[in-house]
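Heads up, final05.pdb below (PDB, C-alpha atoms):
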ATOM      1  CA  MET U  22     -18.185  30.223  -6.993
ATOM      2  CA  ARG U  23     -17.416  26.990  -8.826
ATOM      3  CA  ASN U  24     -13.826  25.809  -8.845
ATOM      4  CA  HIS U  25     -12.900  25.371 -12.517
ATOM      5  CA  ASN U  26      -9.826  23.331 -11.539
ATOM      6  CA  SER U  27     -12.075  20.503 -10.336
ATOM      7  CA  GLY U  28     -12.955  19.690 -13.944
ATOM      8  CA  VAL U  29      -9.273  18.956 -14.596
ATOM      9  CA  ARG U  30      -8.373  17.507 -11.193
ATOM     10  CA  LEU U  31     -10.892  14.652 -11.160
ATOM     11  CA  PRO U  32      -9.873  13.089 -14.526
ATOM     12  CA  LEU U  33      -6.220  13.505 -13.530
ATOM     13  CA  GLN U  34      -6.814  11.740 -10.207
ATOM     14  CA  LEU U  35      -8.621   8.920 -11.981
ATOM     15  CA  THR U  36      -5.765   8.567 -14.495
ATOM     16  CA  VAL U  37      -3.109   8.451 -11.756
ATOM     17  CA  ASN U  38      -5.219   5.954  -9.807
ATOM     18  CA  LEU U  39      -5.453   3.643 -12.827
ATOM     19  CA  ILE U  40      -1.731   3.983 -13.637
ATOM     20  CA  GLY U  41      -0.806   3.072 -10.056
ATOM     21  CA  THR U  42      -3.237   0.143 -10.081
ATOM     22  CA  LEU U  43      -1.902  -1.102 -13.423
ATOM     23  CA  LEU U  44       1.620  -0.981 -12.010
ATOM     24  CA  LEU U  45       0.526  -2.994  -8.977
ATOM     25  CA  SER U  46      -1.234  -5.583 -11.140
ATOM     26  CA  PHE U  47       1.814  -5.953 -13.385
ATOM     27  CA  THR U  48       4.149  -6.419 -10.427
ATOM     28  CA  TYR U  49       1.989  -8.835  -8.471
ATOM     29  CA  TYR U  50       1.508 -11.092 -11.489
ATOM     30  CA  HIS U  51       4.772 -10.855 -13.446
ATOM     31  CA  ILE U  52       7.173 -10.605 -10.501
ATOM     32  CA  ASN U  53       5.566 -11.811  -7.256
ATOM     33  CA  TYR U  54       3.418 -14.609  -8.652
ATOM     34  CA  GLN U  55       5.844 -15.825 -11.336
ATOM     35  CA  ASN U  56       8.722 -15.947  -8.854
ATOM     36  CA  HIS U  57       6.749 -17.379  -5.911
ATOM     37  CA  LEU U  58       7.116 -14.406  -3.594
ATOM     38  CA  THR U  59       4.440 -14.375  -0.906
ATOM     39  CA  GLU U  60       2.227 -11.430   0.137
ATOM     40  CA  GLY U  61       1.777  -9.219   3.171
ATOM     41  CA  GLY U  62      -1.289  -7.299   4.271
ATOM     42  CA  PHE U  63      -4.819  -8.669   3.977
ATOM     43  CA  VAL U  64      -3.851 -10.919   1.061
ATOM     44  CA  GLY U  65      -1.222 -12.610   3.224
ATOM     45  CA  LEU U  66      -3.762 -13.012   6.037
ATOM     46  CA  SER U  67      -6.267 -14.519   3.611
ATOM     47  CA  LEU U  68      -3.693 -17.079   2.458
ATOM     48  CA  LEU U  69      -3.000 -17.925   6.092
ATOM     49  CA  GLY U  70      -6.756 -18.332   6.651
ATOM     50  CA  LYS U  71      -6.932 -20.784   3.754
ATOM     51  CA  TYR U  72      -3.999 -22.761   5.126
ATOM     52  CA  VAL U  73      -5.251 -22.906   8.731
ATOM     53  CA  LEU U  74      -9.050 -22.813   8.385
ATOM     54  CA  GLY U  75      -9.634 -23.783   4.764
ATOM     55  CA  VAL U  76     -11.530 -20.544   4.085
ATOM     56  CA  SER U  77     -11.402 -19.126   0.551
ATOM     57  CA  PRO U  78      -9.139 -16.018   0.281
ATOM     58  CA  SER U  79     -11.886 -14.196  -1.648
ATOM     59  CA  VAL U  80     -14.166 -14.525   1.397
ATOM     60  CA  THR U  81     -11.454 -13.624   3.915
ATOM     61  CA  VAL U  82     -10.333 -10.490   2.057
ATOM     62  CA  LEU U  83     -13.948  -9.312   1.790
ATOM     63  CA  LEU U  84     -14.519  -9.861   5.522
ATOM     64  CA  LEU U  85     -11.331  -7.912   6.314
ATOM     65  CA  ASP U  86     -12.028  -5.097   3.834
ATOM     66  CA  LEU U  87     -15.648  -4.345   4.752
ATOM     67  CA  PRO U  88     -15.176  -3.048   8.337
ATOM     68  CA  VAL U  89     -12.146  -0.992   7.300
ATOM     69  CA  MET U  90     -14.110   0.514   4.392
ATOM     70  CA  LEU U  91     -16.967   1.373   6.758
ATOM     71  CA  ALA U  92     -14.591   3.018   9.240
ATOM     72  CA  ALA U  93     -12.927   4.993   6.420
ATOM     73  CA  TRP U  94     -16.361   6.149   5.170
ATOM     74  CA  MET U  95     -17.203   7.516   8.637
ATOM     75  CA  LEU U  96     -13.781   9.010   9.391
ATOM     76  CA  LYS U  97     -12.567  10.208   5.975
ATOM     77  CA  GLY U  98     -15.731  10.546   3.889
ATOM     78  CA  LYS U  99     -16.861   8.809   0.746
ATOM     79  CA  GLY U 100     -14.027  10.129  -1.471
ATOM     80  CA  LEU U 101     -11.391   7.728  -0.121
ATOM     81  CA  VAL U 102     -13.767   4.769  -0.235
ATOM     82  CA  CYS U 103     -14.971   5.513  -3.792
ATOM     83  CA  ASN U 104     -11.414   5.893  -5.078
ATOM     84  CA  THR U 105     -10.459   2.648  -3.338
ATOM     85  CA  ILE U 106     -13.390   0.799  -4.927
ATOM     86  CA  ILE U 107     -12.242   2.064  -8.338
ATOM     87  CA  SER U 108      -8.689   0.892  -7.621
ATOM     88  CA  VAL U 109      -9.770  -2.550  -6.359
ATOM     89  CA  GLY U 110     -12.102  -3.037  -9.341
ATOM     90  CA  ALA U 111      -9.430  -1.938 -11.807
ATOM     91  CA  PHE U 112      -6.874  -4.233 -10.158
ATOM     92  CA  THR U 113      -9.209  -7.200 -10.596
ATOM     93  CA  VAL U 114      -9.673  -6.387 -14.295
ATOM     94  CA  PHE U 115      -5.991  -5.678 -15.000
ATOM     95  CA  TYR U 116      -4.744  -8.750 -13.134
ATOM     96  CA  GLY U 117      -7.319 -10.992 -14.798
ATOM     97  CA  LEU U 118      -6.343  -9.749 -18.261
ATOM     98  CA  MET U 119      -2.642 -10.291 -17.587
ATOM     99  CA  GLU U 120      -3.283 -13.732 -16.145
ATOM    100  CA  ARG U 121      -5.275 -14.742 -19.218
ATOM    101  CA  TYR U 122      -3.503 -13.024 -22.101
ATOM    102  CA  SER U 123       0.023 -11.998 -21.070
ATOM    103  CA  ARG U 124       2.849 -14.103 -22.510
ATOM    104  CA  LEU U 125       5.547 -12.129 -20.704
ATOM    105  CA  VAL U 126       7.570 -14.220 -18.247
ATOM    106  CA  LEU U 127      10.017 -12.577 -15.844
ATOM    107  CA  ASP U 128      11.994 -15.462 -14.365
ATOM    108  CA  PHE U 129      14.167 -14.363 -11.422
ATOM    109  CA  HIS U 130      14.282 -17.684  -9.574
ATOM    110  CA  ASP U 131      18.075 -17.627  -9.770
ATOM    111  CA  ASN U 132      18.182 -14.065  -8.455
ATOM    112  CA  LEU U 133      15.348 -13.538  -5.961
ATOM    113  CA  ALA U 134      17.147 -10.519  -4.528
ATOM    114  CA  LEU U 135      16.610  -8.719  -7.846
ATOM    115  CA  ALA U 136      12.977  -9.887  -7.912
ATOM    116  CA  ALA U 137      12.449  -8.526  -4.392
ATOM    117  CA  LEU U 138      14.092  -5.208  -5.266
ATOM    118  CA  LEU U 139      11.974  -4.753  -8.409
ATOM    119  CA  SER U 140       8.839  -5.810  -6.552
ATOM    120  CA  GLY U 141       9.499  -3.299  -3.785
ATOM    121  CA  LEU U 142      10.236  -0.436  -6.165
ATOM    122  CA  LEU U 143       7.220  -1.035  -8.422
ATOM    123  CA  THR U 144       4.646  -1.875  -5.755
ATOM    124  CA  GLY U 145       5.827   1.073  -3.669
ATOM    125  CA  LEU U 146       5.478   3.409  -6.631
ATOM    126  CA  GLY U 147       2.093   1.962  -7.616
ATOM    127  CA  ALA U 148       0.638   2.117  -4.107
ATOM    128  CA  GLY U 149       2.124   5.580  -3.603
ATOM    129  CA  LEU U 150       0.452   6.895  -6.771
ATOM    130  CA  VAL U 151      -2.903   5.467  -5.688
ATOM    131  CA  LEU U 152      -2.529   7.127  -2.275
ATOM    132  CA  ARG U 153      -1.521  10.440  -3.873
ATOM    133  CA  CYS U 154      -4.780  10.562  -5.821
ATOM    134  CA  GLY U 155      -6.884  10.027  -2.695
ATOM    135  CA  GLY U 156      -7.449   6.277  -2.885
ATOM    136  CA  ALA U 157      -5.974   3.010  -1.663
ATOM    137  CA  SER U 158      -5.298  -0.355  -3.245
ATOM    138  CA  GLY U 159      -7.205  -2.266  -0.559
ATOM    139  CA  GLY U 160      -8.499  -2.297   2.995
ATOM    140  CA  ASP U 161      -5.027  -2.905   4.436
ATOM    141  CA  ASP U 162      -3.762   0.246   2.702
ATOM    142  CA  ILE U 163      -6.645   2.244   4.176
ATOM    143  CA  LEU U 164      -5.874   0.825   7.618
ATOM    144  CA  SER U 165      -2.212   1.844   7.220
ATOM    145  CA  LEU U 166      -3.302   5.351   6.210
ATOM    146  CA  LEU U 167      -5.639   5.701   9.206
ATOM    147  CA  ILE U 168      -2.972   4.446  11.629
ATOM    148  CA  SER U 169      -0.438   6.809  10.054
ATOM    149  CA  GLU U 170      -2.678   9.826  10.606
ATOM    150  CA  TRP U 171      -3.698   8.672  14.092
ATOM    151  CA  LYS U 172      -0.193   7.992  15.394
ATOM    152  CA  GLY U 173       1.741  10.498  13.270
ATOM    153  CA  ILE U 174       3.944   7.753  11.774
ATOM    154  CA  LYS U 175       5.008   7.809   8.133
ATOM    155  CA  VAL U 176       2.565   5.784   6.069
ATOM    156  CA  GLY U 177       5.368   3.728   4.501
ATOM    157  CA  THR U 178       6.594   2.749   7.968
ATOM    158  CA  VAL U 179       3.108   1.524   8.907
ATOM    159  CA  PHE U 180       3.000  -0.529   5.679
ATOM    160  CA  ILE U 181       6.295  -2.178   6.620
ATOM    161  CA  MET U 182       5.259  -2.998  10.206
ATOM    162  CA  MET U 183       1.907  -4.488   9.174
ATOM    163  CA  ASP U 184       3.330  -6.540   6.320
ATOM    164  CA  ILE U 185       6.262  -7.863   8.360
ATOM    165  CA  ALA U 186       3.820  -9.007  11.064
ATOM    166  CA  VAL U 187       1.781 -10.893   8.444
ATOM    167  CA  LEU U 188       4.919 -12.393   6.894
ATOM    168  CA  LEU U 189       6.032 -13.751  10.271
ATOM    169  CA  LEU U 190       2.673 -15.539  10.507
ATOM    170  CA  SER U 191       3.133 -16.749   6.928
ATOM    171  CA  LEU U 192       6.103 -18.847   8.028
ATOM    172  CA  PHE U 193       3.510 -21.448   9.067
ATOM    173  CA  TYR U 194       2.976 -22.336   5.398
ATOM    174  CA  MET U 195       5.650 -20.534   3.344
ATOM    175  CA  PRO U 196       9.350 -21.473   2.912
ATOM    176  CA  LEU U 197      11.723 -19.247   4.870
ATOM    177  CA  ARG U 198      13.718 -18.237   1.767
ATOM    178  CA  GLU U 199      10.746 -16.781  -0.146
ATOM    179  CA  THR U 200       9.404 -15.143   3.017
ATOM    180  CA  LEU U 201      12.701 -13.361   3.693
ATOM    181  CA  TYR U 202      12.909 -12.056   0.137
ATOM    182  CA  THR U 203       9.293 -10.887   0.384
ATOM    183  CA  ALA U 204      10.216  -9.046   3.580
ATOM    184  CA  MET U 205      12.986  -7.329   1.625
ATOM    185  CA  ALA U 206      10.447  -6.290  -1.028
ATOM    186  CA  VAL U 207       8.095  -4.981   1.686
ATOM    187  CA  ILE U 208      10.811  -2.823   3.260
ATOM    188  CA  VAL U 209      11.785  -1.327  -0.107
ATOM    189  CA  ALA U 210       8.112  -0.741  -0.964
ATOM    190  CA  GLY U 211       7.502   1.048   2.332
ATOM    191  CA  GLN U 212      10.376   3.465   1.694
ATOM    192  CA  VAL U 213       9.184   4.152  -1.863
ATOM    193  CA  ILE U 214       5.620   4.757  -0.634
ATOM    194  CA  THR U 215       6.871   7.307   1.896
ATOM    195  CA  PHE U 216       8.945   9.035  -0.797
ATOM    196  CA  THR U 217       6.107   9.047  -3.347
ATOM    197  CA  THR U 218       3.423  10.314  -0.974
ATOM    198  CA  SER U 219       5.628  13.065   0.486
ATOM    199  CA  LEU U 220       7.233  14.245  -2.780
ATOM    200  CA  GLY U 221       6.429  17.891  -3.451
ATOM    201  CA  LYS U 222       4.637  18.392  -0.157
ATOM    202  CA  PRO U 223       5.952  21.048   2.241
ATOM    203  CA  LYS U 224       7.765  19.711   5.267
ATOM    204  CA  ARG U 225       6.219  20.313   8.640
ATOM    205  CA  VAL U 226       7.905  23.211  10.385
ATOM    206  CA  LYS U 227       8.334  22.927  14.115
ATOM    207  CA  LYS U 228       6.660  25.717  16.008
ATOM    208  CA  GLN U 229       9.138  28.222  17.387
ATOM    209  CA  ALA U 230       8.881  29.098  21.024
ATOM    210  CA  GLN U 231       7.204  32.477  21.578
ATOM    211  CA  PRO U 232       9.443  35.207  23.016
ATOM    212  CA  ALA U 233       9.137  35.461  26.774
ATOM    213  CA  LEU U 234       6.948  38.311  27.967
ATOM    214  CA  ALA U 235       8.532  40.983  30.081
ATOM    215  CA  GLY U 236       8.625  40.060  33.734
ATOM    216  CA  ARG U 237       7.865  36.386  33.042
ATOM    217  CA  LYS U 238      10.220  33.417  32.778
ATOM    218  CA  GLU U 239      10.190  31.476  29.527
ATOM    219  CA  ILE U 240       9.021  27.893  29.953
ATOM    220  CA  PRO U 241      10.418  25.495  27.335
ATOM    221  CA  ALA U 242       7.676  23.627  25.473
ATOM    222  CA  ALA U 243       7.728  19.859  25.454
ATOM    223  CA  GLY U 244       7.939  18.276  22.020
ATOM    224  CA  LYS U 245       8.252  14.947  20.325
ATOM    225  CA  LEU U 246      11.629  13.654  19.290
TER     226      LEU U 246
END
How would this structure read if it were set down as structure tokens?
Amino acid sequence: MRNHNSGVRLPLQLTVNLIGTLLLSFTYYHINYQNHLTEGGFVGLSLLGKYVLGVSPSVTVLLLDLPVMLAAWMLKGKGLVCNTIISVGAFTVFYGLMERYSRLVLDFHDNLALAALLSGLLTGLGAGLVLRCGGASGGDDILSLLISEWKGIKVGTVFIMMDIAVLLLSLFYMPLRETLYTAMAVIVAGQVITFTTSLGKPKRVKKQAQPALAGRKEIPAAGKL
């Protein structure tokens, strides 16, 4: 029997995906770019590749995204990959339009702490919304999701660890001050992603030990901390 809810769910997922992507585009251009905050993830690696090897970031990001997309297709199915392609395509369009037509300037150079806080809140919310609708904003987000499911770590925590690692490498070409404030934004974003993706979902209940059978001693089960 056909599920009539699917006719409503798919447009809703697409709408949430686009809202999250629009939020990411707005933040990356009007806050990160305009206030010279650097990037983590694959974008940060691509900038490092340009600095060290002289390779265009557009080429580096594609080379990093493709194997992750292929792995996600095999492990998670085409749904995640298709939603990610929509998000990446929409991000390119939104960011390009803002870059060309937006006259809004958000100057926080005298208060980078506020810029980092806003960046973390908005990028965390945007990425969280994209993840909630079954997509990702790029190959690094997919990789974080796969590692989260594989290791049982909160997805926001994986985001933080990956981005901090990239930011440490970014110190080769980025000033320490901007890098530290970007790290602050990354930590805030990771917490917001965890909150957004887990909101409304039932918490995992630890399995209770089964009552001991008569005549047998109860053996305590080992569990994770």
Given all atoms listed in the file, how would the per-residue table for stretch 143-178 of chain U near stretch 57-76 of chain U read, listing every residue at most 9 Å away with its closest atom pair and distance in Å to one decimal, sorted by chain and number, as JSON lines?
{"residue": "U:Gly159", "atom": "CA", "partner": "U:Phe63", "partner_atom": "CA", "distance": 8.2}
{"residue": "U:Gly160", "atom": "CA", "partner": "U:Phe63", "partner_atom": "CA", "distance": 7.4}
{"residue": "U:Asp161", "atom": "CA", "partner": "U:Gly62", "partner_atom": "CA", "distance": 5.8}
{"residue": "U:Asp162", "atom": "CA", "partner": "U:Gly62", "partner_atom": "CA", "distance": 8.1}
Taking the file as shown, find all residues satisfying the PyMOL selection byres ((chain U and resi 146) around 8) and write them as a PyMOL selection string. chain U and resi 41+44+142-145+147-150+210+213-214+217
Can you spit out the residues from that selection as a short mmCIF file (atom, residue, chain, number, x, y, z; two decimals), in the frame of the given file, using C-alpha atoms?
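Ended up saving to selection24.cif:
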data_model
loop_
_atom_site.label_atom_id
_atom_site.label_comp_id
_atom_site.auth_asym_id
_atom_site.auth_seq_id
_atom_site.Cartn_x
_atom_site.Cartn_y
_atom_site.Cartn_z
CA GLY U 41 -0.81 3.07 -10.06
CA LEU U 44 1.62 -0.98 -12.01
CA LEU U 142 10.24 -0.44 -6.16
CA LEU U 143 7.22 -1.03 -8.42
CA THR U 144 4.65 -1.88 -5.76
CA GLY U 145 5.83 1.07 -3.67
CA GLY U 147 2.09 1.96 -7.62
CA ALA U 148 0.64 2.12 -4.11
CA GLY U 149 2.12 5.58 -3.60
CA LEU U 150 0.45 6.90 -6.77
CA ALA U 210 8.11 -0.74 -0.96
CA VAL U 213 9.18 4.15 -1.86
CA ILE U 214 5.62 4.76 -0.63
CA THR U 217 6.11 9.05 -3.35
#
What is the distance, in Å and to one decimal place, between atom CA of U:Leu166 and atom CA of U:Ala93? 9.6 Å
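The coordinates place atom CA of U:Ile106 at 12.8 Å from atom CA of U:Leu152.
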Could you make a table, as a tab-separated table, of the residues of stretch 23-88 of chain U that have an atom within 9 Å of an atom of stretch 129-139 of chain U, each with its nearest atom pair and distance in Å to one decimal, counting all atoms listed in the file, in chain and number order?
residue	atom	partner	partner_atom	distance
U:Thr48	CA	U:Leu139	CA	8.3
U:Ile52	CA	U:Ala136	CA	6.4
U:Asn53	CA	U:Ala136	CA	7.7
U:Gln55	CA	U:Phe129	CA	8.5
U:Asn56	CA	U:His130	CA	5.9
U:His57	CA	U:His130	CA	8.4
U:Leu58	CA	U:Ala137	CA	8.0
Go ahead and write the selection's residues with C-alpha atoms as a tab-separated table (two decimals), keeping the file's coordinate frame.
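Saved as again.tsv:
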chain	number	residue	atom	x	y	z
U	48	THR	CA	4.15	-6.42	-10.43
U	52	ILE	CA	7.17	-10.60	-10.50
U	53	ASN	CA	5.57	-11.81	-7.26
U	55	GLN	CA	5.84	-15.82	-11.34
U	56	ASN	CA	8.72	-15.95	-8.85
U	57	HIS	CA	6.75	-17.38	-5.91
U	58	LEU	CA	7.12	-14.41	-3.59
Rounded to one decimal, what separation in Å do you get between atom CA of U:Val209 and atom CA of U:Ser140?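 Spanning atom CA of U:Val209 to atom CA of U:Ser140 is a straight-line distance of 8.4 Å.
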Box centre and edge lengths (Å, one decimal), axis-aligned, stretch 163-171 of chain U plus 4 Å each side, as lines of an AutoDock Vina configuration file:
center_x = -3.5
center_y = 5.3
center_z = 9.1
size_x = 14.2
size_y = 17.0
size_z = 17.9
Would you mind listing what lies within 6 Å of stretch 167-181 of chain U as a PyMOL selection string, with all atoms listed in the file counted and same-chain residues fewer than 4 positions away left out? chain U and resi 185+207-208+211-212+214-215
Given the PyMOL selection byres ((chain U and resi 158) around 6), the residues it picks as a VMD selection string: chain U and resid 105 108 to 109 157 159
Using all atoms listed in the file for the distances, tell me which of U:Ser77, U:Gln34, U:Thr42, U:Ser191 is nearest to U:Tyr116.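 Closest candidate: U:Thr42.
Closest approach to U:Thr203 among U:Gly155, U:Pro32, U:Gly221, U:Gly141 is made by U:Gly141 (distances from all atoms listed in the file).
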In terms of only C-alpha atoms, the residue from U:Leu127, U:Ile40, U:Leu220, U:Leu31 at minimal distance from U:Gly100 is U:Leu31
Excluding U:Leu125 and any residue of its chain fewer than 3 positions from it, enumerate the residues within 12 Å of it, using only C-alpha atoms, and give them as a PyMOL selection string. chain U and resi 47-48+50-52+55+119-122+128
